[in-house]
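**Student:** What follows is structure-v5.cif, made up of mmCIF, C-alpha atoms:
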```cif
data_input
#
loop_
_atom_site.label_atom_id
_atom_site.label_comp_id
_atom_site.auth_asym_id
_atom_site.auth_seq_id
_atom_site.Cartn_x
_atom_site.Cartn_y
_atom_site.Cartn_z
CA MET A 1 98.92 163.96 107.80
CA GLN A 2 102.61 163.70 108.46
CA ILE A 3 104.34 160.33 108.32
CA GLU A 4 107.89 159.17 108.78
CA ILE A 5 109.48 156.74 106.36
CA LEU A 6 112.57 154.78 107.37
CA LEU A 7 115.07 153.78 104.69
CA PHE A 8 117.53 150.89 104.66
CA GLY A 9 120.23 149.28 102.56
CA ILE A 10 120.59 150.49 99.01
CA LEU A 11 117.47 152.70 99.29
CA ARG A 12 119.37 154.82 101.80
CA ASP A 13 122.01 155.46 99.16
CA VAL A 14 119.43 156.09 96.42
CA VAL A 15 117.42 158.62 98.43
CA GLY A 16 120.39 159.99 100.34
CA GLU A 17 118.61 159.95 103.71
CA ASN A 18 118.02 157.50 106.58
CA LYS A 19 114.56 158.86 107.17
CA LEU A 20 111.98 160.98 105.32
CA SER A 21 109.24 163.11 106.78
CA ARG A 22 106.39 163.33 104.33
CA GLN A 23 103.00 165.01 104.16
CA VAL A 24 100.41 162.55 102.78
CA MET A 25 96.64 162.56 102.24
CA SER A 26 94.74 160.62 104.86
CA GLY A 27 93.43 157.34 103.40
CA ILE A 28 96.56 156.85 101.28
CA THR A 29 97.54 153.24 100.56
CA LEU A 30 101.04 151.89 100.36
CA GLU A 31 100.56 151.43 96.63
CA THR A 32 99.88 155.16 96.18
CA LEU A 33 102.79 155.99 98.45
CA ARG A 34 105.05 153.93 96.16
CA HIS A 35 103.90 156.02 93.15
CA ASP A 36 104.41 159.28 95.03
CA LEU A 37 107.90 158.29 96.13
CA LEU A 38 108.79 157.30 92.58
CA ASN A 39 107.76 160.77 91.38
CA THR A 40 109.95 162.42 94.01
CA PHE A 41 112.87 160.02 93.57
CA PRO A 42 112.94 158.80 89.95
CA ALA A 43 116.04 156.70 90.72
CA LEU A 44 113.73 154.37 92.67
CA ALA A 45 112.61 153.02 89.27
CA HIS A 46 115.64 150.69 89.37
CA TYR A 47 114.68 149.32 92.79
CA LYS A 48 110.92 148.82 92.52
CA ASN A 49 111.07 145.35 94.05
CA TYR A 50 111.32 146.67 97.61
CA SER A 51 108.86 145.59 100.31
CA ILE A 52 107.21 147.90 102.80
CA ALA A 53 106.91 147.34 106.53
CA VAL A 54 104.41 149.11 108.77
CA ASN A 55 105.08 149.13 112.50
CA GLU A 56 107.87 146.58 112.11
CA ALA A 57 105.88 143.98 110.15
CA TYR A 58 105.59 143.39 106.38
CA ALA A 59 102.46 145.03 104.93
CA GLU A 60 100.49 144.57 101.70
CA ASN A 61 100.24 147.26 99.01
CA GLY A 62 96.53 147.71 99.73
CA TYR A 63 97.16 148.70 103.35
CA THR A 64 95.82 152.15 104.27
CA ILE A 65 98.33 154.19 106.23
CA GLN A 66 97.16 155.35 109.67
CA GLU A 67 98.30 158.34 111.69
CA ASN A 68 101.52 157.57 113.62
CA ASP A 69 102.34 154.47 111.58
CA VAL A 70 106.05 153.80 111.22
CA VAL A 71 106.61 153.03 107.54
CA ALA A 72 109.87 151.43 106.37
CA LEU A 73 111.11 150.67 102.87
CA ILE A 74 112.74 147.24 102.81
CA PRO A 75 114.97 146.44 99.83
CA PRO A 76 115.70 142.73 99.15
CA VAL A 77 117.32 141.37 102.30
CA SER A 78 120.72 139.69 102.34
CA GLY A 79 121.40 138.59 105.90
CA GLY A 80 122.91 135.31 107.00
CA MET B 81 111.73 130.27 127.04
CA ASN B 82 112.63 127.79 124.31
CA SER B 83 114.13 130.36 121.97
CA SER B 84 117.09 132.72 122.12
CA ILE B 85 117.19 135.64 119.68
CA LEU B 86 120.12 138.02 119.48
CA ILE B 87 121.39 140.77 117.17
CA THR B 88 124.70 142.13 118.36
CA LYS B 89 127.78 144.14 117.42
CA GLU B 90 129.82 141.74 119.58
CA LYS B 91 131.47 138.59 118.26
CA LEU B 92 128.94 135.73 118.13
CA ASN B 93 129.57 132.93 120.62
CA LEU B 94 129.01 129.34 119.48
CA GLN B 95 129.26 128.00 123.02
CA VAL B 96 126.48 130.30 124.23
CA CYS B 97 124.16 128.99 121.47
CA TYR B 98 125.12 125.39 122.21
CA ASP B 99 124.61 125.78 125.96
CA PHE B 100 121.22 127.42 125.42
CA VAL B 101 119.78 124.53 123.38
CA GLN B 102 121.52 121.66 125.17
CA ASP B 103 119.12 119.50 127.22
CA PRO B 104 119.17 115.98 128.72
CA SER B 105 115.98 115.06 126.82
CA CYS B 106 117.67 115.71 123.47
CA GLY B 107 119.55 113.18 121.40
CA GLY B 108 120.99 115.67 118.95
CA ILE B 109 121.94 119.28 118.34
CA ALA B 110 122.22 120.75 114.84
CA LEU B 111 124.34 123.86 114.36
CA PHE B 112 124.57 126.09 111.34
CA VAL B 113 127.41 128.61 111.35
CA GLY B 114 127.56 131.18 108.58
CA THR B 115 131.05 132.51 107.82
CA VAL B 116 132.33 135.40 105.74
CA ARG B 117 133.82 134.04 102.53
CA ASN B 118 136.83 135.64 100.87
CA ALA B 119 135.39 136.05 97.37
CA THR B 120 132.20 136.62 95.37
CA LYS B 121 132.23 135.44 91.77
CA ALA B 122 136.03 135.18 91.92
CA LYS B 123 136.33 138.77 93.13
CA GLU B 124 138.26 139.24 96.36
CA VAL B 125 136.16 140.46 99.28
CA THR B 126 137.89 142.55 101.96
CA LEU B 127 135.02 142.82 104.44
CA LEU B 128 131.26 142.59 104.80
CA ASP B 129 129.24 145.28 106.52
CA PHE B 130 125.89 144.16 107.98
CA SER B 131 123.20 146.71 108.69
CA THR B 132 119.85 145.89 110.24
CA TYR B 133 116.40 147.27 110.90
CA LYS B 134 116.99 145.98 114.37
CA PRO B 135 113.57 145.97 116.09
CA MET B 136 111.88 144.42 113.05
CA ALA B 137 114.74 141.98 112.44
CA ALA B 138 114.45 140.74 116.02
CA LYS B 139 110.68 140.27 115.57
CA GLU B 140 111.14 138.36 112.30
CA MET B 141 113.80 136.15 113.89
CA GLN B 142 111.42 135.44 116.78
CA LYS B 143 108.69 134.48 114.26
CA ILE B 144 111.07 132.00 112.64
CA ALA B 145 111.92 130.48 116.02
CA ASP B 146 108.24 130.25 116.96
CA MET B 147 107.36 128.60 113.64
CA ALA B 148 110.22 126.10 113.98
CA LEU B 149 109.11 125.18 117.51
CA LEU B 150 105.57 124.67 116.26
CA ASP B 151 106.26 122.80 113.04
CA PHE B 152 109.18 120.53 113.98
CA ASP B 153 109.71 118.09 116.85
CA ILE B 154 112.42 120.21 118.47
CA LEU B 155 112.98 121.43 122.01
CA LYS B 156 114.99 124.64 121.72
CA ILE B 157 116.33 127.00 119.09
CA ALA B 158 118.85 129.85 119.14
CA ILE B 159 119.16 132.35 116.27
CA HIS B 160 121.98 134.86 116.68
CA HIS B 161 123.06 137.41 114.06
CA ALA B 162 125.92 139.89 114.04
CA GLU B 163 125.81 143.48 112.79
CA GLY B 164 128.55 145.89 111.75
CA ALA B 165 131.78 145.21 109.88
CA LEU B 166 132.94 141.58 109.68
CA GLN B 167 136.23 140.27 108.37
CA ILE B 168 136.91 137.14 106.34
CA GLY B 169 136.22 134.06 108.50
CA ASP B 170 134.08 135.98 111.00
CA ILE B 171 130.65 134.61 111.90
CA PRO B 172 127.56 136.61 110.85
CA VAL B 173 124.99 134.01 111.91
CA ILE B 174 124.58 130.99 114.16
CA ILE B 175 121.53 128.73 114.36
CA ALA B 176 121.39 126.01 117.00
CA VAL B 177 118.56 123.51 117.35
CA SER B 178 118.11 120.68 119.83
CA SER B 179 115.74 117.76 119.40
CA PRO B 180 115.11 114.28 120.77
CA HIS B 181 115.99 112.94 117.28
CA ARG B 182 118.41 114.26 114.67
CA LYS B 183 116.08 114.45 111.69
CA ALA B 184 113.92 117.22 113.16
CA ALA B 185 117.01 119.14 114.31
CA PHE B 186 118.51 119.15 110.80
CA ALA B 187 115.19 120.07 109.18
CA ALA B 188 114.42 122.90 111.60
CA CYS B 189 117.95 124.28 111.29
CA GLN B 190 117.67 124.38 107.49
CA PHE B 191 114.21 125.94 107.67
CA ALA B 192 115.49 128.65 110.01
CA ILE B 193 118.49 129.72 107.93
CA ASP B 194 116.56 129.57 104.63
CA THR B 195 113.71 131.67 106.04
CA LEU B 196 116.09 134.13 107.70
CA LYS B 197 117.70 134.80 104.32
CA GLU B 198 114.28 135.57 102.82
CA THR B 199 112.51 137.60 105.48
CA VAL B 200 114.76 139.14 108.12
CA PRO B 201 115.56 142.80 107.37
CA ILE B 202 119.35 142.61 107.43
CA TRP B 203 121.52 143.79 104.54
CA LYS B 204 125.12 143.17 103.72
CA LYS B 205 127.40 145.39 101.76
CA GLU B 206 130.39 143.68 100.21
CA HIS B 207 133.59 145.68 100.20
CA PHE B 208 136.17 144.93 97.52
CA VAL B 209 139.60 146.42 97.01
CA ASP B 210 138.12 148.70 94.33
CA GLY B 211 134.67 149.49 95.68
CA GLU B 212 131.57 148.24 97.45
CA VAL B 213 128.17 146.82 96.56
CA TRP B 214 124.89 146.01 98.33
CA VAL B 215 124.28 142.26 97.96
CA ASN B 216 121.09 141.23 96.08
CA ALA B 217 119.97 144.86 95.75
CA THR B 218 118.83 144.60 92.15
CA PRO B 219 116.77 141.81 90.57
#
```
Written as structure tokens, how would this file's structure read?

**Tutor:**
Amino acid sequence: MQIEILLFGILRDVVGENKLSRQVMSGITLETLRHDLLNTFPALAHYKNYSIAVNEAYAENGYTIQENDVVALIPPVSGG
Amino acid sequence: MNSSILITKEKLNLQVCYDFVQDPSCGGIALFVGTVRNATKAKEVTLLDFSTYKPMAAKEMQKIADMALLDFDILKIAIHHAEGALQIGDIPVIIAVSSPHRKAAFAACQFAIDTLKETVPIWKKEHFVDGEVWVNATP
């Protein structure tokens, strides 16, 4: 299935895009997605401590991605 | 509504936050105002650029407000955050809390700003004379 991945902060600079469209196997977990992204973008190795949000809420690595989920990579926040 | 959440490109307004939380039943209002400082580790900062994952940031700010209203003896809370480029002395964040008694207002205000800095998806990029850097980006 096709998913969209939103990028923010430094991860935007690392990947060079605001948004990625990506073909993934159905049943894929966020943990596997992390590995896949690292293979595509080796520079992510320096920024492994990012969180992942699904549908605008923080999600655990074991979460299984569903069709039409909005996935976002959240580097360490620095608001305030 | 006992909470006011705002993310805006406009200048934040302290009076708006104050007026929102003010209430005759309250004996105190605590305000936290974040301001852009002119240096990081002795290096001169020229401006800070705040970017947000806006819909999620608004939801996380609302969660903080809801938790504060539940866990502390407070009446109202406002959490306002700016986005875009801010100059030295500008205000990126305001938290206002009203309560019958001061102790809860102080505690809730501190809880809100501390939690915001940990969970709300907002990022600042510091601009220096000779370059720029994302704050906290690497461990």

**Student:** Contacts between range 182-204 of chain B and range 128-170 of chain B, please, where a residue of range 128-170 of chain B counts if it comes within 6 Å (with all atoms listed in the file); show its shortest atom pair and distance in Å to one decimal, rows by chain and ascending number, as a tab-separated table.

**Tutor:**
```
residue	atom	partner	partner_atom	distance
B:Asp129	CA	B:Lys204	CA	5.4
B:Phe130	CA	B:Lys204	CA	4.4
B:Ser131	CA	B:Trp203	CA	5.3
B:Thr132	CA	B:Ile202	CA	4.3
B:Tyr133	CA	B:Pro201	CA	5.8
B:Ala137	CA	B:Val200	CA	5.2
B:Glu140	CA	B:Val200	CA	5.6
B:Ala148	CA	B:Ala188	CA	5.8
B:Phe152	CA	B:Ala184	CA	5.8
B:Asp153	CA	B:Ala184	CA	5.7
```

**Student:** Looking at only C-alpha atoms, which of A:Tyr50, A:Asn18, A:Met25, A:Phe41 is the one that sits closest to Thr64 in chain A?

**Tutor:**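 Counting only C-alpha atoms, the residue closest to Thr64 in chain A is A:Met25.
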
**Student:** Enumerate, as a ChimeraX atom specification, the protein, DNA and RNA residues whose atoms approach (107.0, 157.5, 98.4) to within 12 Å, taking into account all atoms listed in the file and the coordinate frame of the file.

**Tutor:** /A:3-7,11,15,19-24,28-45,48,50,52,71-73

**Student:** To one decimal place, how far is CA of Asn82 in chain B from CA of Met136 in chain B in Å?

**Tutor:**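 Atom-to-atom, CA of Asn82 in chain B and CA of Met136 in chain B are spaced 20.1 Å apart.
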
**Student:** Give me the result of the PyMOL selection byres ((chain B and resi 97-109) around 12) on this file, residue by residue, as an MDAnalysis selection string.

**Tutor:** chainID B and resid 81:86 92:96 110:113 153:161 173:189

**Student:** Once you have the residues from the selection above, write them out as a JSON list (two decimals), in the frame of the given file, restricted to C-alpha atoms.

**Tutor:**
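What landed in result.json:
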```json
[["chain", "number", "residue", "atom", "x", "y", "z"],
["B", 81, "MET", "CA", 111.73, 130.27, 127.04],
["B", 82, "ASN", "CA", 112.63, 127.79, 124.31],
["B", 83, "SER", "CA", 114.13, 130.36, 121.97],
["B", 84, "SER", "CA", 117.09, 132.72, 122.12],
["B", 85, "ILE", "CA", 117.19, 135.64, 119.68],
["B", 86, "LEU", "CA", 120.12, 138.02, 119.48],
["B", 92, "LEU", "CA", 128.94, 135.73, 118.13],
["B", 93, "ASN", "CA", 129.57, 132.93, 120.62],
["B", 94, "LEU", "CA", 129.01, 129.34, 119.48],
["B", 95, "GLN", "CA", 129.26, 128.00, 123.02],
["B", 96, "VAL", "CA", 126.48, 130.30, 124.23],
["B", 110, "ALA", "CA", 122.22, 120.75, 114.84],
["B", 111, "LEU", "CA", 124.34, 123.86, 114.36],
["B", 112, "PHE", "CA", 124.57, 126.09, 111.34],
["B", 113, "VAL", "CA", 127.41, 128.61, 111.35],
["B", 153, "ASP", "CA", 109.71, 118.09, 116.85],
["B", 154, "ILE", "CA", 112.42, 120.21, 118.47],
["B", 155, "LEU", "CA", 112.98, 121.43, 122.01],
["B", 156, "LYS", "CA", 114.99, 124.64, 121.72],
["B", 157, "ILE", "CA", 116.33, 127.00, 119.09],
["B", 158, "ALA", "CA", 118.85, 129.85, 119.14],
["B", 159, "ILE", "CA", 119.16, 132.35, 116.27],
["B", 160, "HIS", "CA", 121.98, 134.86, 116.68],
["B", 161, "HIS", "CA", 123.06, 137.41, 114.06],
["B", 173, "VAL", "CA", 124.99, 134.01, 111.91],
["B", 174, "ILE", "CA", 124.58, 130.99, 114.16],
["B", 175, "ILE", "CA", 121.53, 128.73, 114.36],
["B", 176, "ALA", "CA", 121.39, 126.01, 117.00],
["B", 177, "VAL", "CA", 118.56, 123.51, 117.35],
["B", 178, "SER", "CA", 118.11, 120.68, 119.83],
["B", 179, "SER", "CA", 115.74, 117.76, 119.40],
["B", 180, "PRO", "CA", 115.11, 114.28, 120.77],
["B", 181, "HIS", "CA", 115.99, 112.94, 117.28],
["B", 182, "ARG", "CA", 118.41, 114.26, 114.67],
["B", 183, "LYS", "CA", 116.08, 114.45, 111.69],
["B", 184, "ALA", "CA", 113.92, 117.22, 113.16],
["B", 185, "ALA", "CA", 117.01, 119.14, 114.31],
["B", 186, "PHE", "CA", 118.51, 119.15, 110.80],
["B", 187, "ALA", "CA", 115.19, 120.07, 109.18],
["B", 188, "ALA", "CA", 114.42, 122.90, 111.60],
["B", 189, "CYS", "CA", 117.95, 124.28, 111.29]]
```

**Student:** For Ile171 in chain B, please output as JSON, numbers by chain all residues within 8 Å (counting only C-alpha atoms; exclusion window: fewer than 5 positions along the same chain).

**Tutor:** {"B": [91, 92, 113, 114, 115, 116, 162, 166]}

**Student:** Within 9 Å of chain B, which residues of chain A show up when using only C-alpha atoms, listed as number ranges by chain?

**Tutor:** A: 8-11, 46-49, 53, 55-57, 72, 74-80

**Student:** One number please: CA of Val209 in chain B to CA of Ala119 in chain B, in Å, one decimal.

**Tutor:**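 Those two atoms sit 11.2 Å apart.
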
**Student:** What is the distance, in Å and to one decimal place, between CA of Ser51 in chain A and CA of Lys121 in chain B?

**Tutor:** 26.9 Å

**Student:** Compare B:Glu90, B:Leu127, B:Phe208, B:Asn118 by their minimum atom-to-atom distance to Ala165 in chain B, counting all atoms listed in the file, and give me the closest one.

**Tutor:**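 Closest candidate: B:Leu127.
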